[in-house]
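S.K.: Got structure13.txt for you, compact mmCIF, C-alpha atoms:
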# COMPACT_ATOMS: atom_id res chain seq x y z
CA MET A 265 -139.70 -160.02 -115.91
CA ALA A 266 -138.73 -163.12 -113.93
CA LYS A 267 -138.51 -165.05 -117.18
CA LYS A 268 -136.00 -162.55 -118.59
CA LYS A 269 -133.88 -162.63 -115.44
CA PHE A 270 -133.19 -166.32 -115.78
CA ASN A 271 -132.61 -166.22 -119.50
CA VAL A 272 -128.83 -166.81 -119.36
CA ASP A 273 -128.18 -166.52 -123.12
CA ALA A 274 -129.75 -163.06 -123.31
CA ASP A 275 -127.75 -161.71 -120.30
CA PHE A 276 -124.35 -162.60 -121.79
CA ASP A 277 -124.78 -160.16 -124.65
CA GLU A 278 -125.29 -157.14 -122.42
CA PRO A 279 -122.06 -155.17 -121.75
CA LEU A 280 -121.05 -154.48 -118.16
CA ASN A 281 -122.13 -150.96 -117.21
CA LEU A 282 -118.97 -149.32 -115.85
CA THR A 283 -120.34 -145.81 -115.50
CA PRO A 284 -121.12 -145.99 -111.71
CA PHE A 285 -117.72 -147.57 -111.05
CA LEU A 286 -115.94 -144.79 -112.96
CA ASP A 287 -118.05 -142.14 -111.20
CA VAL A 288 -116.97 -143.47 -107.80
CA MET A 289 -113.31 -143.69 -108.85
CA ILE A 290 -113.25 -140.15 -110.21
CA VAL A 291 -114.59 -138.81 -106.91
CA LEU A 292 -112.43 -141.07 -104.74
CA ILE A 293 -109.07 -140.44 -106.40
CA PRO A 294 -109.04 -136.62 -106.10
CA PHE A 295 -110.29 -136.90 -102.51
CA LEU A 296 -107.51 -139.32 -101.54
CA MET A 297 -104.87 -137.33 -103.43
CA LEU A 298 -105.85 -134.12 -101.65
CA THR A 299 -105.93 -135.65 -98.18
CA ALA A 300 -102.88 -137.92 -98.47
CA SER A 301 -99.49 -136.71 -97.26
CA PHE A 302 -96.56 -137.76 -99.39
CA PHE A 303 -93.77 -137.07 -96.93
CA THR A 304 -92.39 -139.20 -94.13
CA VAL A 305 -93.13 -138.04 -90.61
CA VAL A 306 -90.20 -138.63 -88.27
CA VAL A 307 -89.79 -137.82 -84.58
CA LEU A 308 -86.97 -136.07 -82.73
CA GLU A 309 -86.57 -136.87 -79.08
CA ALA A 310 -86.38 -133.87 -76.77
CA LYS A 311 -85.90 -135.07 -73.21
CA LEU A 312 -86.73 -132.76 -70.36
CA PRO A 313 -84.17 -132.42 -67.56
CA THR A 314 -84.89 -134.91 -64.79
CA PRO A 315 -84.59 -133.57 -61.25
CA ILE A 316 -82.04 -135.39 -59.08
CA PRO A 317 -83.61 -137.09 -56.04
CA PRO A 318 -82.42 -135.51 -52.75
CA ASP A 319 -80.78 -138.77 -51.59
CA LYS A 320 -78.57 -138.84 -54.71
CA MET A 321 -77.48 -135.22 -54.55
CA GLN A 322 -74.20 -136.13 -52.86
CA GLU A 323 -73.23 -138.41 -55.75
CA VAL A 324 -73.41 -135.54 -58.21
CA LYS A 325 -69.98 -134.29 -59.16
CA MET A 326 -69.61 -130.54 -59.34
CA PRO A 327 -68.41 -129.38 -61.79
CA PRO A 328 -69.54 -132.28 -64.03
CA PRO A 329 -66.70 -134.29 -65.66
CA PHE A 330 -68.07 -133.46 -69.10
CA ASP A 331 -70.17 -130.43 -69.84
CA LEU A 332 -71.25 -129.74 -73.41
CA VAL A 333 -73.61 -126.80 -73.80
CA VAL A 334 -75.02 -125.63 -77.13
CA MET A 335 -76.35 -122.11 -76.80
CA VAL A 336 -78.51 -120.97 -79.69
CA PRO A 337 -79.17 -117.26 -80.12
CA LYS A 338 -80.98 -116.08 -83.26
CA ASP A 339 -77.84 -115.33 -85.28
CA SER A 340 -75.36 -118.07 -84.34
CA ILE A 341 -74.71 -121.41 -82.66
CA LYS A 342 -72.31 -121.27 -79.71
CA ILE A 343 -70.72 -124.46 -78.42
CA TYR A 344 -69.11 -124.63 -74.97
CA VAL A 345 -67.13 -127.68 -73.88
CA ASN A 346 -66.15 -127.86 -70.21
CA ASN A 347 -66.23 -124.10 -70.12
CA LYS A 348 -65.46 -122.65 -66.70
CA ASP A 349 -66.67 -119.18 -67.62
CA PRO A 350 -70.31 -119.34 -68.83
CA LEU A 351 -70.14 -115.73 -70.00
CA GLY A 352 -66.85 -116.16 -71.81
CA PRO A 353 -66.36 -116.76 -75.51
CA PRO A 354 -67.44 -120.18 -76.86
CA GLN A 355 -64.82 -122.69 -77.99
CA PHE A 356 -66.74 -123.26 -81.23
CA PHE A 357 -68.98 -120.93 -83.15
CA VAL A 358 -71.22 -121.15 -86.22
CA ASP A 359 -72.14 -117.81 -87.71
CA ALA A 360 -75.75 -117.58 -88.89
CA THR A 361 -76.17 -113.81 -89.14
CA ASP A 362 -77.55 -114.13 -92.67
CA ARG A 363 -80.28 -116.44 -91.33
CA LYS A 364 -81.20 -114.28 -88.34
CA ASP A 365 -84.82 -113.83 -89.40
CA SER A 366 -85.14 -117.10 -91.28
CA SER A 367 -86.91 -120.11 -89.79
CA ASN A 368 -84.03 -122.47 -90.70
CA TYR A 369 -80.26 -122.72 -91.15
CA SER A 370 -78.54 -123.17 -94.47
CA GLU A 371 -77.14 -126.60 -95.30
CA GLU A 372 -73.60 -125.21 -95.01
CA GLN A 373 -74.22 -123.89 -91.48
CA ILE A 374 -75.82 -127.09 -90.27
CA LEU A 375 -73.00 -129.22 -91.74
CA LYS A 376 -70.42 -127.02 -90.00
CA PHE A 377 -72.25 -127.58 -86.71
CA HIS A 378 -72.27 -131.33 -87.34
CA SER A 379 -68.52 -131.35 -88.09
CA ILE A 380 -67.82 -129.45 -84.83
CA LEU A 381 -69.74 -132.10 -82.89
CA ILE A 382 -67.69 -134.79 -84.64
CA GLU A 383 -64.48 -133.08 -83.49
CA ILE A 384 -65.78 -132.95 -79.90
CA LYS A 385 -66.84 -136.60 -80.08
CA LYS A 386 -63.34 -137.58 -81.17
CA LYS A 387 -61.98 -136.11 -77.93
CA PHE A 388 -64.77 -137.52 -75.74
CA PRO A 389 -65.97 -140.72 -77.46
CA THR A 390 -67.75 -142.16 -74.43
CA GLU A 391 -69.70 -139.02 -73.55
CA GLU A 392 -73.30 -138.73 -74.73
CA ARG A 393 -74.78 -135.84 -72.78
CA MET A 394 -75.47 -132.45 -74.24
CA ALA A 395 -77.47 -129.50 -72.93
CA LEU A 396 -79.35 -127.38 -75.43
CA ASP A 397 -80.05 -123.79 -74.48
CA PRO A 398 -82.19 -122.12 -77.18
CA HIS A 399 -83.08 -118.43 -77.21
CA PRO A 400 -86.84 -117.80 -76.66
CA SER A 401 -87.18 -116.39 -80.17
CA LEU A 402 -85.63 -119.44 -81.85
CA PRO A 403 -88.09 -121.00 -84.32
CA LEU A 404 -88.89 -124.70 -83.96
CA GLU A 405 -87.35 -125.61 -87.31
CA LYS A 406 -83.90 -124.34 -86.23
CA LEU A 407 -84.27 -126.23 -82.96
CA ALA A 408 -85.28 -129.39 -84.84
CA GLN A 409 -82.28 -129.05 -87.18
CA ILE A 410 -79.91 -128.81 -84.19
CA ILE A 411 -81.46 -131.83 -82.43
CA ASP A 412 -81.35 -133.76 -85.71
CA GLN A 413 -77.64 -133.08 -86.27
CA SER A 414 -76.66 -133.68 -82.64
CA LYS A 415 -77.83 -137.25 -82.24
CA THR A 416 -76.77 -139.34 -85.19
CA PHE A 417 -73.44 -139.39 -87.00
CA THR A 418 -73.45 -139.08 -90.76
CA GLY A 419 -70.45 -139.06 -93.02
CA THR A 420 -67.17 -140.91 -93.21
CA ASP A 421 -64.71 -139.85 -90.59
CA ALA A 422 -61.88 -142.39 -90.58
CA VAL A 423 -60.60 -141.46 -87.10
CA LEU A 424 -64.01 -141.45 -85.40
CA THR A 425 -65.25 -144.70 -86.92
CA GLU A 426 -62.13 -146.48 -85.64
CA ILE A 427 -62.85 -145.60 -82.00
CA PRO A 428 -64.34 -148.79 -80.44
CA ALA A 429 -66.61 -146.89 -78.01
CA PHE A 430 -68.17 -145.02 -80.90
CA LYS A 431 -68.23 -147.88 -83.42
CA GLU A 432 -71.01 -149.72 -81.59
CA SER A 433 -73.54 -146.89 -81.36
CA MET A 434 -72.51 -144.52 -84.19
CA ARG A 435 -74.29 -141.82 -82.24
CA LEU A 436 -72.95 -138.39 -81.34
CA PHE A 437 -74.78 -136.92 -78.35
CA PRO A 438 -78.12 -138.75 -77.96
CA GLY A 439 -78.47 -137.75 -74.30
CA LEU A 440 -79.69 -134.30 -75.24
CA ALA A 441 -81.68 -132.35 -72.66
CA MET A 442 -83.45 -129.02 -73.09
CA LYS A 443 -82.30 -126.24 -70.82
CA GLY A 444 -84.84 -123.78 -69.50
CA VAL A 445 -87.69 -126.31 -69.40
CA TYR A 446 -87.20 -127.29 -65.80
CA VAL A 447 -90.07 -129.38 -64.47
CA PRO A 448 -90.21 -129.79 -60.69
CA MET B 145 -108.74 -156.33 -113.38
CA SER B 146 -110.11 -157.02 -116.73
CA ALA B 147 -113.81 -157.49 -116.27
CA GLY B 148 -115.77 -156.17 -119.17
CA GLY B 149 -114.08 -153.03 -120.19
CA GLY B 150 -115.79 -152.20 -123.45
CA GLN B 151 -117.94 -149.11 -123.58
CA GLN B 152 -119.83 -148.91 -126.81
CA VAL B 153 -119.92 -145.67 -128.79
CA SER B 154 -122.59 -146.56 -131.24
CA GLY B 155 -123.63 -144.72 -134.27
CA SER B 156 -120.48 -142.59 -134.49
CA LYS B 157 -119.21 -141.67 -137.88
CA PHE B 158 -115.45 -141.65 -138.18
CA GLY B 159 -113.06 -141.36 -141.10
CA ARG B 160 -113.75 -140.57 -144.69
CA GLY B 161 -115.94 -143.53 -145.32
CA GLY B 162 -118.50 -141.39 -147.06
CA ALA B 163 -122.16 -141.00 -146.45
CA GLY B 164 -123.98 -143.99 -145.19
CA THR B 165 -120.94 -145.82 -143.76
CA GLN B 166 -121.43 -146.47 -140.04
CA LYS B 167 -118.81 -148.03 -137.77
CA GLU B 168 -119.29 -149.23 -134.21
CA VAL B 169 -116.34 -148.00 -132.16
CA HIS B 170 -115.66 -149.59 -128.78
CA LEU B 171 -113.79 -147.47 -126.27
CA ASN B 172 -111.47 -149.79 -124.38
CA LEU B 173 -111.65 -148.75 -120.72
CA THR B 174 -109.68 -151.70 -119.30
CA PRO B 175 -106.26 -149.90 -118.98
CA MET B 176 -107.90 -146.89 -117.35
CA ILE B 177 -109.75 -149.05 -114.82
CA ASP B 178 -106.56 -151.01 -114.10
CA MET B 179 -104.65 -147.78 -113.51
CA MET B 180 -107.39 -146.32 -111.31
CA THR B 181 -107.61 -149.47 -109.21
CA ILE B 182 -103.84 -149.47 -108.60
CA LEU B 183 -103.94 -145.75 -107.74
CA VAL B 184 -106.82 -146.15 -105.28
CA VAL B 185 -105.12 -149.08 -103.53
CA TYR B 186 -101.84 -147.09 -103.27
CA LEU B 187 -103.60 -144.00 -101.92
CA VAL B 188 -105.63 -145.97 -99.39
CA MET B 189 -102.44 -147.69 -98.20
CA SER B 190 -100.59 -144.38 -97.85
CA PHE B 191 -103.60 -142.93 -96.04
CA SER B 192 -102.35 -144.69 -92.94
CA ALA B 193 -103.77 -144.24 -89.50
CA ASP B 194 -100.58 -143.19 -87.71
CA PRO B 195 -101.10 -140.40 -85.15
CA ALA B 196 -98.89 -137.85 -86.90
CA THR B 197 -100.81 -138.19 -90.15
CA LEU B 198 -104.17 -138.04 -88.41
CA ALA B 199 -103.21 -134.84 -86.64
CA ASN B 200 -101.86 -133.34 -89.86
CA SER B 201 -103.47 -130.03 -90.44
CA LYS B 202 -103.26 -127.38 -93.10
CA ASP B 203 -102.31 -124.81 -90.43
CA ILE B 204 -99.22 -126.73 -89.36
CA GLU B 205 -96.16 -126.90 -91.54
CA LEU B 206 -93.65 -129.30 -90.03
CA SER B 207 -89.92 -128.66 -89.66
CA ARG B 208 -87.64 -130.38 -92.17
CA VAL B 209 -84.77 -132.54 -90.94
CA LEU B 210 -82.05 -134.45 -92.79
CA ILE B 211 -80.80 -137.35 -90.65
CA THR B 212 -83.45 -138.65 -88.24
CA SER B 213 -85.53 -141.58 -89.44
CA GLU B 214 -87.34 -142.65 -86.26
CA LYS B 215 -91.03 -143.19 -86.96
CA PRO B 216 -93.78 -141.97 -84.61
CA LYS B 217 -95.52 -144.43 -82.30
CA GLU B 218 -99.18 -144.48 -81.36
CA VAL B 219 -99.19 -141.90 -78.60
CA SER B 220 -101.21 -138.80 -77.74
CA VAL B 221 -100.54 -135.81 -79.97
CA ILE B 222 -100.27 -132.16 -78.92
CA SER B 223 -100.85 -129.98 -81.98
CA LEU B 224 -99.71 -126.38 -81.84
CA SER B 225 -100.54 -124.08 -84.73
CA LYS B 226 -100.39 -120.29 -84.85
CA ASP B 227 -104.07 -120.14 -83.80
CA MET B 228 -104.92 -123.13 -81.63
CA LEU B 229 -103.56 -125.67 -79.15
CA LEU B 230 -105.11 -129.14 -79.47
CA LEU B 231 -104.69 -132.47 -77.72
CA ASP B 232 -105.59 -135.51 -79.83
CA GLY B 233 -107.56 -133.25 -82.15
CA LYS B 234 -109.63 -131.67 -79.36
CA PRO B 235 -109.21 -127.90 -78.86
CA ILE B 236 -107.55 -126.95 -75.56
CA CYS B 237 -107.15 -123.19 -75.87
CA PRO B 238 -106.59 -120.51 -78.50
CA VAL B 239 -103.16 -119.11 -79.30
CA ILE B 240 -102.94 -115.32 -79.26
CA ILE B 241 -100.20 -112.87 -80.19
CA ASN B 242 -98.45 -111.33 -77.20
CA PRO B 243 -98.41 -107.54 -77.80
CA LYS B 244 -95.17 -107.18 -75.78
CA ASP B 245 -92.89 -109.35 -77.90
CA GLY B 246 -95.07 -110.37 -80.85
CA TYR B 247 -94.67 -114.10 -80.11
CA PRO B 248 -97.62 -116.51 -80.16
CA ASP B 249 -98.77 -116.88 -76.57
CA PHE B 250 -101.63 -118.26 -74.46
CA PRO B 251 -104.46 -116.23 -72.90
CA ASP B 252 -104.00 -115.17 -69.27
CA SER B 253 -107.16 -117.10 -68.32
CA VAL B 254 -105.41 -120.45 -69.00
CA TRP B 255 -101.84 -119.49 -68.19
CA SER B 256 -100.45 -119.53 -64.66
CA GLY B 257 -96.97 -118.36 -65.57
CA PHE B 258 -95.74 -121.93 -65.42
CA PHE B 259 -98.37 -124.28 -66.88
CA ILE B 260 -101.23 -124.14 -69.33
CA HIS B 261 -103.92 -125.37 -66.95
CA PRO B 262 -106.43 -126.91 -69.43
CA LEU B 263 -103.57 -128.76 -71.16
CA LYS B 264 -102.20 -130.11 -67.89
CA GLU B 265 -105.68 -131.26 -66.79
CA ALA B 266 -106.31 -132.98 -70.13
CA LEU B 267 -102.88 -134.64 -70.00
CA ASP B 268 -103.50 -135.81 -66.43
CA LYS B 269 -106.58 -137.67 -67.74
CA VAL B 270 -104.54 -139.19 -70.59
CA LYS B 271 -101.94 -140.33 -68.05
CA GLU B 272 -104.65 -141.85 -65.79
CA ASN B 273 -106.01 -143.76 -68.79
CA GLY B 274 -102.51 -144.92 -69.75
CA GLN B 275 -101.83 -146.13 -66.21
CA ALA B 276 -105.22 -147.89 -66.07
CA ILE B 277 -104.34 -149.71 -69.31
CA GLU B 278 -100.97 -150.65 -67.83
CA ARG B 279 -102.67 -152.20 -64.77
CA ILE B 280 -104.93 -154.32 -66.98
CA ASN B 281 -102.28 -155.15 -69.58
CA PRO B 282 -98.68 -154.98 -68.32
CA ASN B 283 -97.47 -155.43 -71.92
CA LYS B 284 -98.62 -151.88 -72.63
CA PRO B 285 -96.73 -149.82 -70.06
CA PHE B 286 -97.24 -146.10 -69.70
CA ASN B 287 -93.88 -144.62 -70.72
CA GLY B 288 -94.66 -140.90 -70.60
CA GLU B 289 -94.22 -140.39 -74.32
CA ILE B 290 -96.01 -137.63 -76.19
CA LEU B 291 -95.83 -136.30 -79.75
CA LEU B 292 -95.53 -132.56 -80.28
CA HIS B 293 -96.86 -131.59 -83.67
CA ALA B 294 -96.05 -127.90 -84.00
CA ASP B 295 -95.60 -125.41 -86.81
CA ARG B 296 -91.99 -124.84 -87.83
CA ALA B 297 -92.19 -121.08 -87.20
CA ILE B 298 -93.38 -121.38 -83.59
CA PRO B 299 -90.71 -119.85 -81.32
CA PHE B 300 -89.18 -121.71 -78.40
CA ALA B 301 -90.84 -119.26 -75.97
CA THR B 302 -94.24 -120.63 -77.03
CA LEU B 303 -93.10 -124.25 -76.91
CA LYS B 304 -91.64 -123.96 -73.42
CA PRO B 305 -94.96 -123.78 -71.48
CA VAL B 306 -96.36 -126.64 -73.57
CA MET B 307 -93.30 -128.80 -72.81
CA ARG B 308 -93.42 -127.79 -69.15
CA SER B 309 -97.13 -128.68 -68.86
CA ALA B 310 -96.45 -132.04 -70.51
CA GLY B 311 -93.46 -132.71 -68.27
CA ASN B 312 -95.41 -131.82 -65.14
CA ALA B 313 -98.24 -134.16 -66.14
CA GLY B 314 -95.71 -137.01 -66.39
CA PHE B 315 -94.88 -136.86 -70.10
CA ARG B 316 -91.13 -136.33 -70.03
CA GLN B 317 -90.35 -138.00 -73.34
CA ILE B 318 -91.40 -135.33 -75.78
CA LYS B 319 -91.08 -136.27 -79.43
CA ILE B 320 -91.11 -133.44 -81.94
CA ALA B 321 -92.72 -134.37 -85.26
CA ALA B 322 -90.81 -133.33 -88.38
CA LYS B 323 -90.63 -134.04 -92.10
CA GLY B 324 -87.89 -136.51 -92.93
CA MET B 325 -85.99 -135.34 -96.01
CA ASN B 326 -83.59 -138.28 -96.30
Using structure tokens, write down the structure that the file contains.

M.R.:
Amino acid sequence: MAKKKFNVDADFDEPLNLTPFLDVMIVLIPFLMLTASFFTVVVLEAKLPTPIPPDKMQEVKMPPPFDLVVMVPKDSIKIYVNNKDPLGPPQFFVDATDRKDSSNYSEEQILKFHSILIEIKKKFPTEERMALDPHPSLPLEKLAQIIDQSKTFTGTDAVLTEIPAFKESMRLFPGLAMKGVYVP
Amino acid sequence: MSAGGGQQVSGSKFGRGGAGTQKEVHLNLTPMIDMMTILVVYLVMSFSADPATLANSKDIELSRVLITSEKPKEVSVISLSKDMLLLDGKPICPVIINPKDGYPDFPDSVWSGFFIHPLKEALDKVKENGQAIERINPNKPFNGEILLHADRAIPFATLKPVMRSAGNAGFRQIKIAAKGMN
């Protein structure tokens, strides 16, 4: 046996047995393909409202100089800018009645919402704050779509991209805070 | 990858060579092995150890977004499916259906009307650990960041107590995981 092991000339003629290697590969590839995820996971920031310390309460201006509120019932998106009457009609409105029971908005609806935010940003280029007030029944995907469209600017708006205050950041309203999730 | 690669199929009779003609046919496995090796390397690389992928579950279908491209960091993950609430893969409490409104909800035994107690307690421990790490290594500060990995159909009413519990435990920077479609 030992003699055969060291017989170099005889060993060269034997082909490499690939069967165990192929067996392992055939098990490994389906396992990895089933467990792997082929999409990119991204994260959307949802800040919670921060309580104002008592010693800074006097510095708070009431009403705030800029107040953008996005109210999201199941069937629409209502946008209020510096609205004095919180129960009054919104300045901007996206109808989503056809998506009332759907978990997401159509591309058309979400692009309309984005274009409304661009119009607001043109008037208030230095403002970054936005309060989001979702209805309790609103599914997470709709909420995620709204957060996604509110923060970063996409598109080619000649007027907006010429505003120096906006040019640097290219962001719409990144200071988004969730209403109704007050944490003491 | 071209080691060996010849598997012998001996004694096979191919073609119309007639009786008695025997050919030794060698099956060339080299291209197949090359392809498999590349595939395995690619799959192992894509099988990354980022927290969002590790917490990925068949019960959770993520929301789809168009613009955002921010990648998740290595932080604790709250997973919320239609059946279970988990923190870093460990079960916290079951999710039940509220008979009043039909929304997914949490059992009364864990729910105080404001916080989900087991979640807050577990997050308090995570925060303590994070602050202990910060004391030892100031380069790794505790920044109160947490990843919320929830199903896209979960209503805001169910998310609210989770966010509130996280916020009360000191995790005010809540990051919602989603599928990037850009």

S.K.: Using all atoms listed in the file, determine which residues lie at most 9 Å from Thr212 of chain B, disregarding the query and same-chain residues fewer than 3 positions distant; provide the list as an NGL selection string.

M.R.: (:A and (306-308 or 412-413 or 415-416)) or (:B and (209 or 215 or 324-326))

S.K.: Which residue is closest to chain B? Choose from A:Ser433, A:Gln322, A:Thr304, A:Ser370 and count all atoms listed in the file.

M.R.: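 Among the listed residues, the smallest separation from chain B belongs to A:Thr304.
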
S.K.: Report as CSV: every residue of chain A with an atom at most 9 Å from chain B, its closest pair of atoms, and their distance in Å to one decimal, counting all atoms listed in the file, with rows sorted by chain and ascending residue number.

M.R.:
residue,atom,partner,partner_atom,distance
A:Pro279,CA,B:Gly148,CA,6.9
A:Leu280,CA,B:Gly148,CA,5.6
A:Asn281,CA,B:Gln151,CA,7.8
A:Leu282,CA,B:Gly149,CA,7.5
A:Phe285,CA,B:Ile177,CA,8.9
A:Leu286,CA,B:Ile177,CA,7.7
A:Met289,CA,B:Met180,CA,6.9
A:Ile290,CA,B:Met180,CA,8.6
A:Leu292,CA,B:Val184,CA,7.6
A:Ile293,CA,B:Val184,CA,6.2
A:Leu296,CA,B:Leu187,CA,6.1
A:Met297,CA,B:Leu187,CA,7.0
A:Thr299,CA,B:Phe191,CA,7.9
A:Ala300,CA,B:Phe191,CA,5.6
A:Ser301,CA,B:Thr197,CA,7.4
A:Phe302,CA,B:Ser190,CA,7.9
A:Phe303,CA,B:Lys323,CA,6.5
A:Thr304,CA,B:Gly324,CA,5.4
A:Val305,CA,B:Lys323,CA,4.9
A:Val306,CA,B:Lys215,CA,4.8
A:Val307,CA,B:Ala321,CA,4.6
A:Leu308,CA,B:Ile320,CA,5.0
A:Glu309,CA,B:Lys319,CA,4.6
A:Ala310,CA,B:Ile318,CA,5.3
A:Lys311,CA,B:Gln317,CA,5.3
A:Leu312,CA,B:Arg316,CA,5.7
A:Pro313,CA,B:Arg316,CA,8.4
A:Thr314,CA,B:Arg316,CA,8.3
A:Ser367,CA,B:Ala297,CA,6.0
A:Asn368,CA,B:Ser207,CA,8.6
A:Pro398,CA,B:Phe300,CA,7.1
A:His399,CA,B:Phe300,CA,7.0
A:Pro400,CA,B:Ala301,CA,4.3
A:Ser401,CA,B:Pro299,CA,5.1
A:Leu402,CA,B:Pro299,CA,5.1
A:Pro403,CA,B:Pro299,CA,4.1
A:Leu404,CA,B:Arg296,CA,5.0
A:Glu405,CA,B:Ser207,CA,4.6
A:Lys406,CA,B:Ser207,CA,8.2
A:Leu407,CA,B:Phe300,CA,8.1
A:Ala408,CA,B:Ser207,CA,6.7
A:Gln409,CA,B:Val209,CA,5.7
A:Asp412,CA,B:Thr212,CA,5.9
A:Gln413,CA,B:Ile211,CA,6.9
A:Lys415,CA,B:Thr212,CA,8.3
A:Thr416,CA,B:Ile211,CA,7.1
A:Phe417,CA,B:Ile211,CA,8.5
A:Thr418,CA,B:Ile211,CA,7.6
A:Gly444,CA,B:Lys304,CA,7.9
A:Val445,CA,B:Arg308,CA,5.9
A:Tyr446,CA,B:Arg308,CA,7.1
A:Val447,CA,B:Asn312,CA,5.9
A:Pro448,CA,B:Asn312,CA,7.1

S.K.: To one decimal place in Å, what is the distance between atom CA of Phe388 of chain A and atom CA of Lys338 of chain A?

M.R.: 27.9 Å

S.K.: Excluding Ser379 of chain A and its own-chain neighbours fewer than 5 positions away, which residues fall within 12 Å of it when counting only C-alpha atoms? Please give them as a PDB file with C-alpha atoms, keeping the file's coordinate frame.

M.R.:
ATOM      1  CA  PHE A 356     -66.740-123.260 -81.230  1.00  0.00           C
ATOM      2  CA  PHE A 357     -68.980-120.930 -83.150  1.00  0.00           C
ATOM      3  CA  VAL A 358     -71.220-121.150 -86.220  1.00  0.00           C
ATOM      4  CA  GLU A 372     -73.600-125.210 -95.010  1.00  0.00           C
ATOM      5  CA  GLN A 373     -74.220-123.890 -91.480  1.00  0.00           C
ATOM      6  CA  ILE A 374     -75.820-127.090 -90.270  1.00  0.00           C
ATOM      7  CA  ILE A 384     -65.780-132.950 -79.900  1.00  0.00           C
ATOM      8  CA  LYS A 385     -66.840-136.600 -80.080  1.00  0.00           C
ATOM      9  CA  LYS A 386     -63.340-137.580 -81.170  1.00  0.00           C
ATOM     10  CA  GLN A 413     -77.640-133.080 -86.270  1.00  0.00           C
ATOM     11  CA  SER A 414     -76.660-133.680 -82.640  1.00  0.00           C
ATOM     12  CA  THR A 416     -76.770-139.340 -85.190  1.00  0.00           C
ATOM     13  CA  PHE A 417     -73.440-139.390 -87.000  1.00  0.00           C
ATOM     14  CA  THR A 418     -73.450-139.080 -90.760  1.00  0.00           C
ATOM     15  CA  GLY A 419     -70.450-139.060 -93.020  1.00  0.00           C
ATOM     16  CA  THR A 420     -67.170-140.910 -93.210  1.00  0.00           C
ATOM     17  CA  ASP A 421     -64.710-139.850 -90.590  1.00  0.00           C
ATOM     18  CA  LEU A 424     -64.010-141.450 -85.400  1.00  0.00           C
ATOM     19  CA  LEU A 436     -72.950-138.390 -81.340  1.00  0.00           C
TER      20      LEU A 436
END

S.K.: Hey, can you check how far atom CA of Met434 of chain A sits from atom CA of Ile382 of chain A?

M.R.: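 Going from atom CA of Met434 of chain A over to atom CA of Ile382 of chain A covers 10.9 Å.
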
S.K.: Go ahead and fit an axis-aligned box to every listed atom of segment 303-317 of chain B plus 6 Å each side, and pass me the centre and edge lengths in Å, one decimal, as JSON.

M.R.:
{"center_x": -94.3, "center_y": -130.9, "center_z": -71.0, "size_x": 19.9, "size_y": 26.2, "size_z": 23.8}

S.K.: What would segment 179-190 of chain B look like with N, CA and C atoms restored, written as a PDB file, keeping the file's coordinate frame?

M.R.:
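The file below, rebuild-v8.pdb, is the result:
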ATOM      1  N   MET B 179    -105.471-148.859-114.087  1.00  0.00           N
ATOM      2  CA  MET B 179    -104.650-147.780-113.510  1.00  0.00           C
ATOM      3  C   MET B 179    -105.342-147.167-112.284  1.00  0.00           C
ATOM      4  N   MET B 180    -106.642-146.941-112.411  1.00  0.00           N
ATOM      5  CA  MET B 180    -107.390-146.320-111.310  1.00  0.00           C
ATOM      6  C   MET B 180    -107.417-147.228-110.087  1.00  0.00           C
ATOM      7  N   THR B 181    -107.570-148.529-110.324  1.00  0.00           N
ATOM      8  CA  THR B 181    -107.610-149.470-109.210  1.00  0.00           C
ATOM      9  C   THR B 181    -106.274-149.479-108.464  1.00  0.00           C
ATOM     10  N   ILE B 182    -105.173-149.476-109.226  1.00  0.00           N
ATOM     11  CA  ILE B 182    -103.840-149.470-108.600  1.00  0.00           C
ATOM     12  C   ILE B 182    -103.667-148.174-107.795  1.00  0.00           C
ATOM     13  N   LEU B 183    -104.081-147.066-108.381  1.00  0.00           N
ATOM     14  CA  LEU B 183    -103.940-145.750-107.740  1.00  0.00           C
ATOM     15  C   LEU B 183    -104.747-145.685-106.439  1.00  0.00           C
ATOM     16  N   VAL B 184    -105.964-146.182-106.483  1.00  0.00           N
ATOM     17  CA  VAL B 184    -106.820-146.150-105.280  1.00  0.00           C
ATOM     18  C   VAL B 184    -106.210-147.008-104.175  1.00  0.00           C
ATOM     19  N   VAL B 185    -105.726-148.193-104.540  1.00  0.00           N
ATOM     20  CA  VAL B 185    -105.120-149.080-103.530  1.00  0.00           C
ATOM     21  C   VAL B 185    -103.894-148.398-102.919  1.00  0.00           C
ATOM     22  N   TYR B 186    -103.043-147.780-103.767  1.00  0.00           N
ATOM     23  CA  TYR B 186    -101.840-147.090-103.270  1.00  0.00           C
ATOM     24  C   TYR B 186    -102.224-145.946-102.323  1.00  0.00           C
ATOM     25  N   LEU B 187    -103.203-145.158-102.734  1.00  0.00           N
ATOM     26  CA  LEU B 187    -103.600-144.000-101.920  1.00  0.00           C
ATOM     27  C   LEU B 187    -104.216-144.424-100.596  1.00  0.00           C
ATOM     28  N   VAL B 188    -105.014-145.482-100.640  1.00  0.00           N
ATOM     29  CA  VAL B 188    -105.630-145.970 -99.390  1.00  0.00           C
ATOM     30  C   VAL B 188    -104.555-146.507 -98.454  1.00  0.00           C
ATOM     31  N   MET B 189    -103.534-147.170 -99.025  1.00  0.00           N
ATOM     32  CA  MET B 189    -102.440-147.690 -98.200  1.00  0.00           C
ATOM     33  C   MET B 189    -101.635-146.549 -97.582  1.00  0.00           C
ATOM     34  N   SER B 190    -101.388-145.504 -98.370  1.00  0.00           N
ATOM     35  CA  SER B 190    -100.590-144.380 -97.850  1.00  0.00           C
ATOM     36  C   SER B 190    -101.392-143.518 -96.878  1.00  0.00           C
TER      37      SER B 190
END
